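Chemist: Compact mmCIF, C-alpha atoms, saved as protein.txt, coming up:
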```
# COMPACT_ATOMS: atom_id res chain seq x y z
CA ARG A 1 -36.69 25.07 14.11
CA ARG A 2 -34.19 22.80 15.84
CA SER A 3 -32.96 21.25 12.60
CA ALA A 4 -31.04 24.31 11.46
CA PRO A 5 -28.52 24.32 14.36
CA VAL A 6 -28.02 20.56 13.97
CA ALA A 7 -27.37 20.92 10.25
CA ARG A 8 -25.04 23.83 10.87
CA SER A 9 -23.14 21.83 13.48
CA ALA A 10 -22.67 18.93 11.07
CA ALA A 11 -21.50 21.29 8.36
CA ASP A 12 -19.08 22.96 10.75
CA GLY A 13 -17.72 19.56 11.75
CA ALA A 14 -17.22 18.52 8.14
CA ALA A 15 -15.48 21.82 7.41
CA ALA A 16 -13.19 21.35 10.39
CA ASP A 17 -12.34 17.81 9.23
CA ALA A 18 -11.56 19.07 5.74
CA LYS A 19 -9.36 21.81 7.20
CA ALA A 20 -7.50 19.25 9.33
CA LEU A 21 -6.84 17.06 6.27
CA LYS A 22 -5.54 20.01 4.27
CA ALA A 23 -3.21 20.95 7.10
CA ALA A 24 -1.95 17.37 7.35
CA CYS A 25 -1.34 17.27 3.60
CA ASP A 26 0.37 20.66 3.48
CA ALA A 27 2.67 19.64 6.33
CA VAL A 28 4.23 16.70 4.48
CA ALA A 29 3.39 16.98 0.77
CA ASP A 30 6.78 18.40 -0.25
CA GLU A 31 8.67 15.73 1.71
CA MET A 32 6.67 13.00 -0.05
CA LYS A 33 8.33 14.03 -3.35
CA GLY A 34 5.35 12.86 -5.39
CA VAL A 35 5.49 9.27 -4.12
CA SER A 36 2.08 7.67 -4.58
CA VAL A 37 -0.09 6.30 -1.77
CA THR A 38 -1.63 2.83 -2.11
CA PHE A 39 -4.40 1.46 0.11
CA VAL A 40 -4.67 -2.28 0.75
CA GLY A 41 -6.92 -4.45 2.87
CA ASP A 42 -10.04 -6.58 2.68
CA ASN A 43 -12.38 -3.57 2.83
CA GLU A 44 -12.38 -2.47 -0.80
CA GLN A 45 -15.07 0.13 -0.22
CA ALA A 46 -12.89 1.79 2.42
CA ASN A 47 -9.83 1.62 0.15
CA VAL A 48 -11.69 3.48 -2.60
CA ALA A 49 -13.38 6.03 -0.33
CA VAL A 50 -10.19 7.02 1.49
CA ALA A 51 -8.08 7.06 -1.68
CA ASN A 52 -10.57 9.43 -3.30
CA ALA A 53 -10.78 11.70 -0.24
CA LEU A 54 -7.01 11.92 0.08
CA ALA A 55 -6.41 12.47 -3.63
CA LYS A 56 -8.85 15.37 -3.68
CA THR A 57 -7.00 17.30 -0.99
CA LEU A 58 -3.44 16.18 -1.73
CA GLY A 59 -3.77 17.03 -5.43
CA TYR A 60 -3.08 13.45 -6.50
CA THR A 61 -4.90 11.35 -9.09
CA PRO A 62 -7.40 8.84 -7.61
CA LEU A 63 -7.13 5.38 -9.17
CA SER A 64 -8.79 2.03 -8.50
CA THR A 65 -7.17 -1.24 -9.54
CA PRO A 66 -10.57 -3.05 -9.60
CA ALA A 67 -11.86 -0.50 -12.11
CA LEU A 68 -8.62 -0.59 -14.13
CA ILE A 69 -8.67 -4.39 -14.24
CA GLU A 70 -12.13 -4.39 -15.78
CA GLN A 71 -11.14 -1.60 -18.17
CA VAL A 72 -7.97 -3.33 -19.35
CA THR A 73 -9.38 -6.86 -19.60
CA ALA A 74 -12.87 -5.87 -20.79
CA SER A 75 -14.12 -8.43 -18.27
CA SER A 76 -15.71 -8.12 -14.85
CA ARG A 77 -13.83 -9.52 -11.91
CA GLU A 78 -16.59 -12.08 -11.49
CA GLU A 79 -15.93 -13.26 -15.04
CA ILE A 80 -12.19 -13.41 -14.41
CA LEU A 81 -12.70 -15.45 -11.24
CA ALA A 82 -15.14 -17.79 -12.98
CA GLU A 83 -12.83 -18.39 -15.93
CA ASP A 84 -9.35 -18.26 -14.39
CA GLY A 85 -9.92 -18.49 -10.64
CA GLU A 86 -8.23 -16.30 -8.05
CA ALA A 87 -4.90 -16.76 -9.81
CA GLY A 88 -6.34 -14.95 -12.82
CA LEU A 89 -7.32 -11.97 -10.67
CA VAL A 90 -3.90 -11.93 -9.02
CA ILE A 91 -2.21 -11.83 -12.43
CA ALA A 92 -4.55 -9.11 -13.68
CA GLU A 93 -4.07 -6.85 -10.67
CA ASN A 94 -0.32 -7.42 -10.63
CA ALA A 95 -0.17 -6.31 -14.28
CA VAL A 96 -2.07 -3.15 -13.39
CA LEU A 97 0.21 -2.47 -10.41
CA GLU A 98 3.24 -2.86 -12.66
CA GLN A 99 1.89 -0.13 -14.92
CA LEU A 100 1.12 2.13 -11.96
CA SER A 101 4.49 1.55 -10.29
CA THR A 102 6.25 4.25 -12.31
CA MET A 103 3.46 6.81 -11.96
CA VAL A 104 3.72 9.58 -9.37
CA ARG A 105 1.17 11.56 -7.38
CA CYS A 106 -1.53 8.89 -7.35
CA CYS A 107 -3.79 7.57 -4.60
CA VAL A 108 -4.48 3.94 -5.46
CA ALA A 109 -7.25 1.75 -4.07
CA THR A 110 -6.67 -1.99 -4.51
CA CYS A 111 -8.87 -5.09 -4.59
CA GLY A 112 -10.36 -6.23 -1.30
CA GLY A 113 -11.92 -9.40 -0.01
CA GLY A 114 -8.60 -11.18 0.34
CA LYS A 115 -8.35 -11.51 -3.43
CA GLY A 116 -5.95 -9.90 -5.86
CA ALA A 117 -2.22 -9.25 -5.92
CA THR A 118 -1.92 -7.29 -2.68
CA ALA A 119 -3.29 -10.30 -0.77
CA ARG A 120 -0.18 -12.21 -1.87
CA GLY A 121 3.11 -11.30 -0.23
CA ASP A 122 5.08 -12.37 -3.30
CA CYS A 123 3.24 -9.79 -5.42
CA TRP A 124 4.28 -6.66 -3.55
CA ASP A 125 7.31 -5.80 -5.66
CA TYR A 126 5.40 -3.14 -7.61
CA ILE A 127 4.04 -1.29 -4.58
CA PHE A 128 7.05 -1.17 -2.25
CA GLY A 129 7.98 2.05 -4.06
CA GLN A 130 4.80 3.72 -2.79
CA PHE A 131 3.54 4.62 0.65
CA THR A 132 1.38 1.61 1.46
CA VAL A 133 -1.51 1.83 3.92
CA TRP A 134 -3.41 -1.16 5.31
CA LEU A 135 -6.98 -0.27 6.27
CA ASP A 136 -7.85 -2.92 8.84
CA ASP A 137 -10.83 -2.96 11.25
CA VAL A 138 -11.50 -4.10 14.80
CA ASP A 139 -13.79 -6.96 13.76
CA ALA A 140 -11.16 -8.42 11.45
CA VAL A 141 -8.51 -8.09 14.15
CA GLU A 142 -10.65 -9.99 16.66
CA LYS A 143 -11.49 -12.68 14.13
CA ALA A 144 -7.82 -13.15 13.30
CA LYS A 145 -6.97 -13.50 16.98
CA LYS A 146 -9.49 -16.31 17.36
CA ASP A 147 -8.56 -18.02 14.10
CA PRO A 148 -5.18 -16.90 12.70
CA ASP A 149 -5.54 -19.19 9.69
CA SER A 150 -8.85 -17.67 8.58
CA ALA A 151 -7.24 -14.78 6.71
CA PRO A 152 -3.76 -15.60 5.35
CA GLN A 153 -3.84 -12.37 3.33
CA ARG A 154 -3.17 -10.48 6.55
CA ASP A 155 0.45 -11.67 6.37
CA ALA A 156 0.76 -9.86 3.05
CA TYR A 157 -0.99 -6.71 4.25
CA ALA A 158 1.49 -6.59 7.14
CA PHE A 159 4.13 -5.44 4.62
CA ALA A 160 2.37 -2.05 4.55
CA ASP A 161 4.21 1.02 5.82
CA VAL A 162 1.13 2.10 7.77
CA ALA A 163 -1.60 0.03 9.42
CA LEU A 164 -4.79 1.76 10.55
CA VAL A 165 -7.41 -0.17 12.51
CA LEU A 166 -10.84 1.29 11.79
CA SER A 167 -13.58 1.19 14.40
CA SER A 168 -16.15 0.25 11.76
CA THR A 169 -16.22 -1.63 8.47
CA GLU A 170 -18.43 1.13 7.05
CA VAL A 171 -16.75 4.15 5.51
CA ASN A 172 -19.85 5.45 3.78
CA THR A 173 -19.59 9.19 4.34
CA GLU A 174 -17.13 11.73 3.00
CA ARG A 175 -16.47 12.89 6.54
CA ALA A 176 -15.48 9.39 7.67
CA ALA A 177 -13.17 9.00 4.67
CA THR A 178 -11.67 12.44 5.34
CA THR A 179 -10.89 11.54 8.95
CA ILE A 180 -9.10 8.35 7.90
CA ALA A 181 -7.22 10.24 5.18
CA THR A 182 -6.00 12.67 7.84
CA GLN A 183 -4.79 9.77 9.98
CA THR A 184 -3.01 8.40 6.91
CA MET A 185 -1.13 11.63 6.31
CA SER A 186 -0.19 11.94 9.99
CA ALA A 187 1.25 8.41 9.88
CA ILE A 188 3.19 9.14 6.68
CA ALA A 189 4.56 12.31 8.28
CA GLN A 190 5.82 10.23 11.20
CA LEU A 191 7.48 7.78 8.83
CA ILE A 192 9.31 10.56 7.03
CA GLU A 193 10.27 12.21 10.31
CA GLY A 194 11.83 8.92 11.37
CA ASP A 195 13.61 8.53 8.03
CA PRO A 196 13.95 11.80 6.08
CA GLN A 197 15.38 9.83 3.12
CA LEU A 198 12.37 7.50 2.86
CA SER A 199 10.71 9.19 -0.11
CA GLY A 200 14.01 9.27 -1.96
CA LYS A 201 14.62 5.59 -1.24
CA LYS A 202 11.21 4.70 -2.63
CA GLY A 203 11.93 6.76 -5.72
CA PHE A 204 15.27 4.99 -6.19
CA TYR A 205 13.59 1.60 -5.71
CA VAL A 206 11.22 2.40 -8.58
CA LYS A 207 14.04 3.79 -10.72
CA MET A 208 15.94 0.52 -10.32
CA GLY A 209 12.96 -1.45 -11.63
CA CYS A 210 11.04 -2.53 -8.50
CA ARG A 211 13.34 -5.52 -8.03
CA GLY A 212 11.87 -6.64 -4.70
CA ASP A 213 14.90 -5.59 -2.65
CA TRP A 214 12.89 -3.50 -0.21
CA PRO A 215 13.73 -2.22 2.35
CA VAL A 216 17.45 -3.06 1.99
CA LEU A 217 18.22 -1.65 -1.45
CA GLN A 218 20.91 -3.46 -3.42
CA PRO A 219 23.53 -2.00 -5.77
CA PRO A 220 22.64 -1.57 -9.46
CA GLY A 221 24.48 -4.76 -10.40
CA TRP A 222 22.49 -7.03 -8.08
CA ASP A 223 21.61 -10.28 -9.83
CA GLY A 224 18.27 -10.74 -8.08
CA THR A 225 19.32 -13.67 -5.88
CA GLU A 226 19.55 -13.88 -2.11
CA GLU A 227 23.18 -14.99 -2.40
CA GLY A 228 23.94 -11.96 -4.52
CA LYS A 229 22.69 -9.47 -1.92
CA VAL A 230 25.35 -7.37 -0.25
CA ASP A 231 26.19 -8.16 3.35
CA PRO A 232 26.04 -4.77 5.14
CA LYS A 233 28.79 -5.96 7.51
CA THR A 234 31.32 -6.68 4.77
CA GLY A 235 30.02 -4.71 1.81
CA LYS A 236 30.37 -7.83 -0.33
CA PRO A 237 27.81 -10.30 -1.75
CA TYR A 238 26.87 -13.09 0.65
CA ARG A 239 28.00 -15.70 -1.87
CA GLU A 240 31.59 -14.57 -1.37
CA ALA A 241 31.31 -15.71 2.23
CA ILE A 242 30.14 -19.19 1.18
CA GLY A 243 32.81 -21.84 1.10
CA PRO A 244 33.35 -24.09 -1.97
CA GLU A 245 31.72 -27.10 -0.30
CA GLU A 246 28.60 -25.12 0.68
CA GLU A 247 28.45 -23.59 -2.78
CA ARG A 248 28.34 -27.04 -4.36
CA LYS A 249 25.35 -27.89 -2.16
```
Re-express the file's structure as structure tokens.
Modeler:
Amino acid sequence: RRSAPVARSAADGAAADAKALKAACDAVADEMKGVSVTFVGDNEQANVAVANALAKTLGYTPLSTPALIEQVTASSREEILAEDGEAGLVIAENAVLEQLSTMVRCCVATCGGGKGATARGDCWDYIFGQFTVWLDDVDAVEKAKKDPDSAPQRDAYAFADVALVLSSTEVNTERAATTIATQTMSAIAQLIEGDPQLSGKKGFYVKMGCRGDWPVLQPPGWDGTEEGKVDPKTGKPYREAIGPEEERK
């Protein structure tokens, strides 16, 4: 007889969580202008669960780079790692991210475990044009404090627009995923409130070919070099401020 109220309470809680997520999505969806949301971090299960929960309410398409890698290569990730090492997985995921970079209204879950393209800072060019969310957890934070060199991928994840530290590594219920998705949307809303042009900038970054010039976008004629970037103080490329002797060096 006591089970019915308990079940009803759980159902009411889940309904309230779902309502909160919908409200968070409705509050900022238009300002996002269709920009996709990509989840990164070592916890692949959390990446997938939260991406799916958010996509369902936001009206986006849920995608998983691990699944797409296996679909495109016709090989499991274990097979890729065995044959080509971690570099092979990095290349495979980067190729998938390149294809997804021009797509809109997607919630993308990426490879975890410190493997794959998002674990490499030099492979972020194709996701700077999306809202990026790092799903971290308290255990990983404590471990990194004790041994900073144990997880070099954290330096790459730090490029994310949003960093959420989860209290548990387990995100194994829809309600847990929904709660994190709500936190994600609240964080994105704060980003856009701080920079109302952010979604447009991300769209322009993608339109220009994901050249890696985030967050300081360069003019269309940028040659891709550091020297060719425009100095915001002068409005001219940095190389024009380099003397002949330094240029020869």
Chemist: My list of candidates is A:Ile91, A:Cys111, A:Ala177, A:Ala158. Which is closest to Ala14 in chain A when distances are computed with all atoms listed in the file?
Modeler: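 Checking each of A:Ile91, A:Cys111, A:Ala177, A:Ala158 against Ala14 in chain A, counting all atoms listed in the file, the winner is A:Ala177.
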Chemist: Kindly extract all protein, DNA and RNA residues lying within 10 Å of the coordinates (-6.7, 14.3, -5.9) given in the file, considering only C-alpha atoms, and supply them as a PyMOL selection string.
Modeler: chain A and resi 51-63+105-107
Chemist: Looking at A:Lys145, A:Lys202, A:Arg77, A:Arg154, which one is nearest to Val37 in chain A, with distances taken over all atoms listed in the file?
Modeler: A:Lys202
Chemist: Pick out the residues sitting within 9 Å of range 138-144 of chain A, and hand them over as a VMD selection string; count all atoms listed in the file, and ignore anything fewer than 5 positions along from it in its own chain.
Modeler: chain A and resid 149 to 151 154 165 to 169
Chemist: Determine the nearest neighbour of Lys229 in chain A from the options A:Ala16, A:Val216, A:Ala189, A:Leu81, counting only C-alpha atoms.
Modeler: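 Of the candidates, the smallest distance to Lys229 in chain A is held by A:Val216.
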Chemist: Would you mind telling me which residue in A:Pro196, A:Gly224, A:Gly116, A:Gly34 lies nearest to Val96 in chain A when using all atoms listed in the file?
Modeler: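 The closest residue to Val96 in chain A is A:Gly116.
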Chemist: Of the residues A:Leu198, A:Val40, A:Ala176, A:Val72, which is the one nearest to Trp134 in chain A, using all atoms listed in the file?
Modeler: A:Val40
Chemist: Show me a table, sorted first by chain and then by increasing residue number, of the residues of range 134-181 of chain A having an atom at most 12 Å from range 23-33 of chain A, each with its shortest atom pair and the distance in Å to one decimal, counting all atoms listed in the file and written as a tab-separated table.
Modeler:
```
residue	atom	partner	partner_atom	distance
A:Thr178	CA	A:Ala24	CA	11.1
A:Thr179	CA	A:Ala24	CA	10.8
A:Ile180	CA	A:Ala24	CA	11.5
A:Ala181	CA	A:Ala24	CA	9.1
```
Chemist: Using all atoms listed in the file, can you tell me which of A:Asp125, A:Glu79, A:Asp231, A:Glu240 comes closest to Arg211 in chain A?
Modeler: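 Going through A:Asp125, A:Glu79, A:Asp231, A:Glu240 one by one, the smallest distance to Arg211 in chain A is for A:Asp125.
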Chemist: Between CA of Asp42 in chain A and CA of Thr73 in chain A, measure the distance and give it in Å to one decimal.
Modeler: 22.3 Å
Chemist: Tell me, in Å to one decimal, how far CA of Gly235 in chain A is from CA of Gly194 in chain A.
Modeler: 24.7 Å
Chemist: One number please: CA of Asp147 in chain A to CA of Gly112 in chain A, in Å, one decimal.
Modeler: 19.5 Å
Chemist: List the spatial neighbours of Ala119 in chain A as a ChimeraX atom specification - criterion: any atom at most 8 Å away, all atoms listed in the file, same-chain residues fewer than 2 positions off excluded.
Modeler: /A:41,114-117,121,153-154,156-157
Chemist: Within 12 Å of Gln218 in chain A, counting all atoms listed in the file, which residues qualify if same-chain residues fewer than 6 places away don't, as a count of residues only?
Modeler: 20
Chemist: Leaving out Ser75 in chain A and any residue of its chain fewer than 6 positions from it, which residues lie within 12 Å of it when counting all atoms listed in the file, given as an MDAnalysis selection string?
Modeler: chainID A and resid 66:69 81:84 88:89 92
Chemist: Please output range 204-232 of chain A, rebuilt to include N, CA and C atoms, as an mmCIF file, keeping the file's coordinate frame.
Modeler:
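Final file, out.cif:
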```
data_model
loop_
_atom_site.group_PDB
_atom_site.id
_atom_site.type_symbol
_atom_site.label_atom_id
_atom_site.label_comp_id
_atom_site.auth_asym_id
_atom_site.auth_seq_id
_atom_site.Cartn_x
_atom_site.Cartn_y
_atom_site.Cartn_z
ATOM 1 N N PHE A 204 14.136 5.740 -5.645
ATOM 2 C CA PHE A 204 15.270 4.990 -6.190
ATOM 3 C C PHE A 204 14.866 3.541 -6.452
ATOM 4 N N TYR A 205 14.072 2.976 -5.541
ATOM 5 C CA TYR A 205 13.590 1.600 -5.710
ATOM 6 C C TYR A 205 12.835 1.462 -7.031
ATOM 7 N N VAL A 206 11.981 2.426 -7.318
ATOM 8 C CA VAL A 206 11.220 2.400 -8.580
ATOM 9 C C VAL A 206 12.160 2.587 -9.763
ATOM 10 N N LYS A 207 13.105 3.520 -9.636
ATOM 11 C CA LYS A 207 14.040 3.790 -10.720
ATOM 12 C C LYS A 207 14.860 2.556 -11.082
ATOM 13 N N MET A 208 15.150 1.724 -10.085
ATOM 14 C CA MET A 208 15.940 0.520 -10.320
ATOM 15 C C MET A 208 15.095 -0.639 -10.838
ATOM 16 N N GLY A 209 13.793 -0.426 -10.987
ATOM 17 C CA GLY A 209 12.960 -1.450 -11.630
ATOM 18 C C GLY A 209 12.105 -2.275 -10.687
ATOM 19 N N CYS A 210 11.885 -1.796 -9.461
ATOM 20 C CA CYS A 210 11.040 -2.530 -8.500
ATOM 21 C C CYS A 210 11.472 -3.990 -8.412
ATOM 22 N N ARG A 211 12.728 -4.190 -7.991
ATOM 23 C CA ARG A 211 13.340 -5.520 -8.030
ATOM 24 C C ARG A 211 12.979 -6.405 -6.833
ATOM 25 N N GLY A 212 12.231 -5.852 -5.872
ATOM 26 C CA GLY A 212 11.870 -6.640 -4.700
ATOM 27 C C GLY A 212 12.859 -6.542 -3.566
ATOM 28 N N ASP A 213 13.873 -5.701 -3.687
ATOM 29 C CA ASP A 213 14.900 -5.590 -2.650
ATOM 30 C C ASP A 213 14.562 -4.509 -1.629
ATOM 31 N N TRP A 214 13.312 -4.444 -1.237
ATOM 32 C CA TRP A 214 12.890 -3.500 -0.210
ATOM 33 C C TRP A 214 12.804 -4.215 1.138
ATOM 34 N N PRO A 215 13.259 -3.599 2.217
ATOM 35 C CA PRO A 215 13.730 -2.220 2.350
ATOM 36 C C PRO A 215 15.245 -2.057 2.259
ATOM 37 N N VAL A 216 15.987 -3.157 2.090
ATOM 38 C CA VAL A 216 17.450 -3.060 1.990
ATOM 39 C C VAL A 216 17.810 -3.019 0.508
ATOM 40 N N LEU A 217 17.967 -1.817 -0.026
ATOM 41 C CA LEU A 217 18.220 -1.650 -1.450
ATOM 42 C C LEU A 217 19.611 -2.145 -1.825
ATOM 43 N N GLN A 218 19.652 -2.872 -2.946
ATOM 44 C CA GLN A 218 20.910 -3.460 -3.420
ATOM 45 C C GLN A 218 21.541 -2.589 -4.498
ATOM 46 N N PRO A 219 22.843 -2.769 -4.731
ATOM 47 C CA PRO A 219 23.530 -2.000 -5.770
ATOM 48 C C PRO A 219 22.940 -2.271 -7.149
ATOM 49 N N PRO A 220 23.176 -1.388 -8.113
ATOM 50 C CA PRO A 220 22.640 -1.570 -9.460
ATOM 51 C C PRO A 220 22.951 -2.912 -10.100
ATOM 52 N N GLY A 221 24.091 -3.502 -9.777
ATOM 53 C CA GLY A 221 24.480 -4.760 -10.400
ATOM 54 C C GLY A 221 23.928 -6.009 -9.754
ATOM 55 N N TRP A 222 23.045 -5.857 -8.781
ATOM 56 C CA TRP A 222 22.490 -7.030 -8.080
ATOM 57 C C TRP A 222 21.841 -7.987 -9.061
ATOM 58 N N ASP A 223 22.117 -9.292 -8.881
ATOM 59 C CA ASP A 223 21.610 -10.280 -9.830
ATOM 60 C C ASP A 223 20.229 -10.825 -9.484
ATOM 61 N N GLY A 224 19.628 -10.311 -8.420
ATOM 62 C CA GLY A 224 18.270 -10.740 -8.080
ATOM 63 C C GLY A 224 18.182 -11.942 -7.163
ATOM 64 N N THR A 225 19.324 -12.492 -6.750
ATOM 65 C CA THR A 225 19.320 -13.670 -5.880
ATOM 66 C C THR A 225 19.635 -13.266 -4.438
ATOM 67 N N GLU A 226 19.240 -14.130 -3.507
ATOM 68 C CA GLU A 226 19.550 -13.880 -2.110
ATOM 69 C C GLU A 226 21.061 -13.919 -1.884
ATOM 70 N N GLU A 227 21.733 -14.861 -2.560
ATOM 71 C CA GLU A 227 23.180 -14.990 -2.400
ATOM 72 C C GLU A 227 23.927 -13.779 -2.944
ATOM 73 N N GLY A 228 23.292 -13.104 -3.895
ATOM 74 C CA GLY A 228 23.940 -11.960 -4.520
ATOM 75 C C GLY A 228 23.747 -10.661 -3.760
ATOM 76 N N LYS A 229 22.899 -10.684 -2.720
ATOM 77 C CA LYS A 229 22.690 -9.470 -1.920
ATOM 78 C C LYS A 229 23.963 -9.119 -1.155
ATOM 79 N N VAL A 230 24.148 -7.842 -0.936
ATOM 80 C CA VAL A 230 25.350 -7.370 -0.250
ATOM 81 C C VAL A 230 25.177 -7.463 1.259
ATOM 82 N N ASP A 231 26.160 -8.073 1.894
ATOM 83 C CA ASP A 231 26.190 -8.160 3.350
ATOM 84 C C ASP A 231 26.601 -6.793 3.889
ATOM 85 N N PRO A 232 25.697 -6.113 4.649
ATOM 86 C CA PRO A 232 26.040 -4.770 5.140
ATOM 87 C C PRO A 232 27.267 -4.751 6.045
#
```
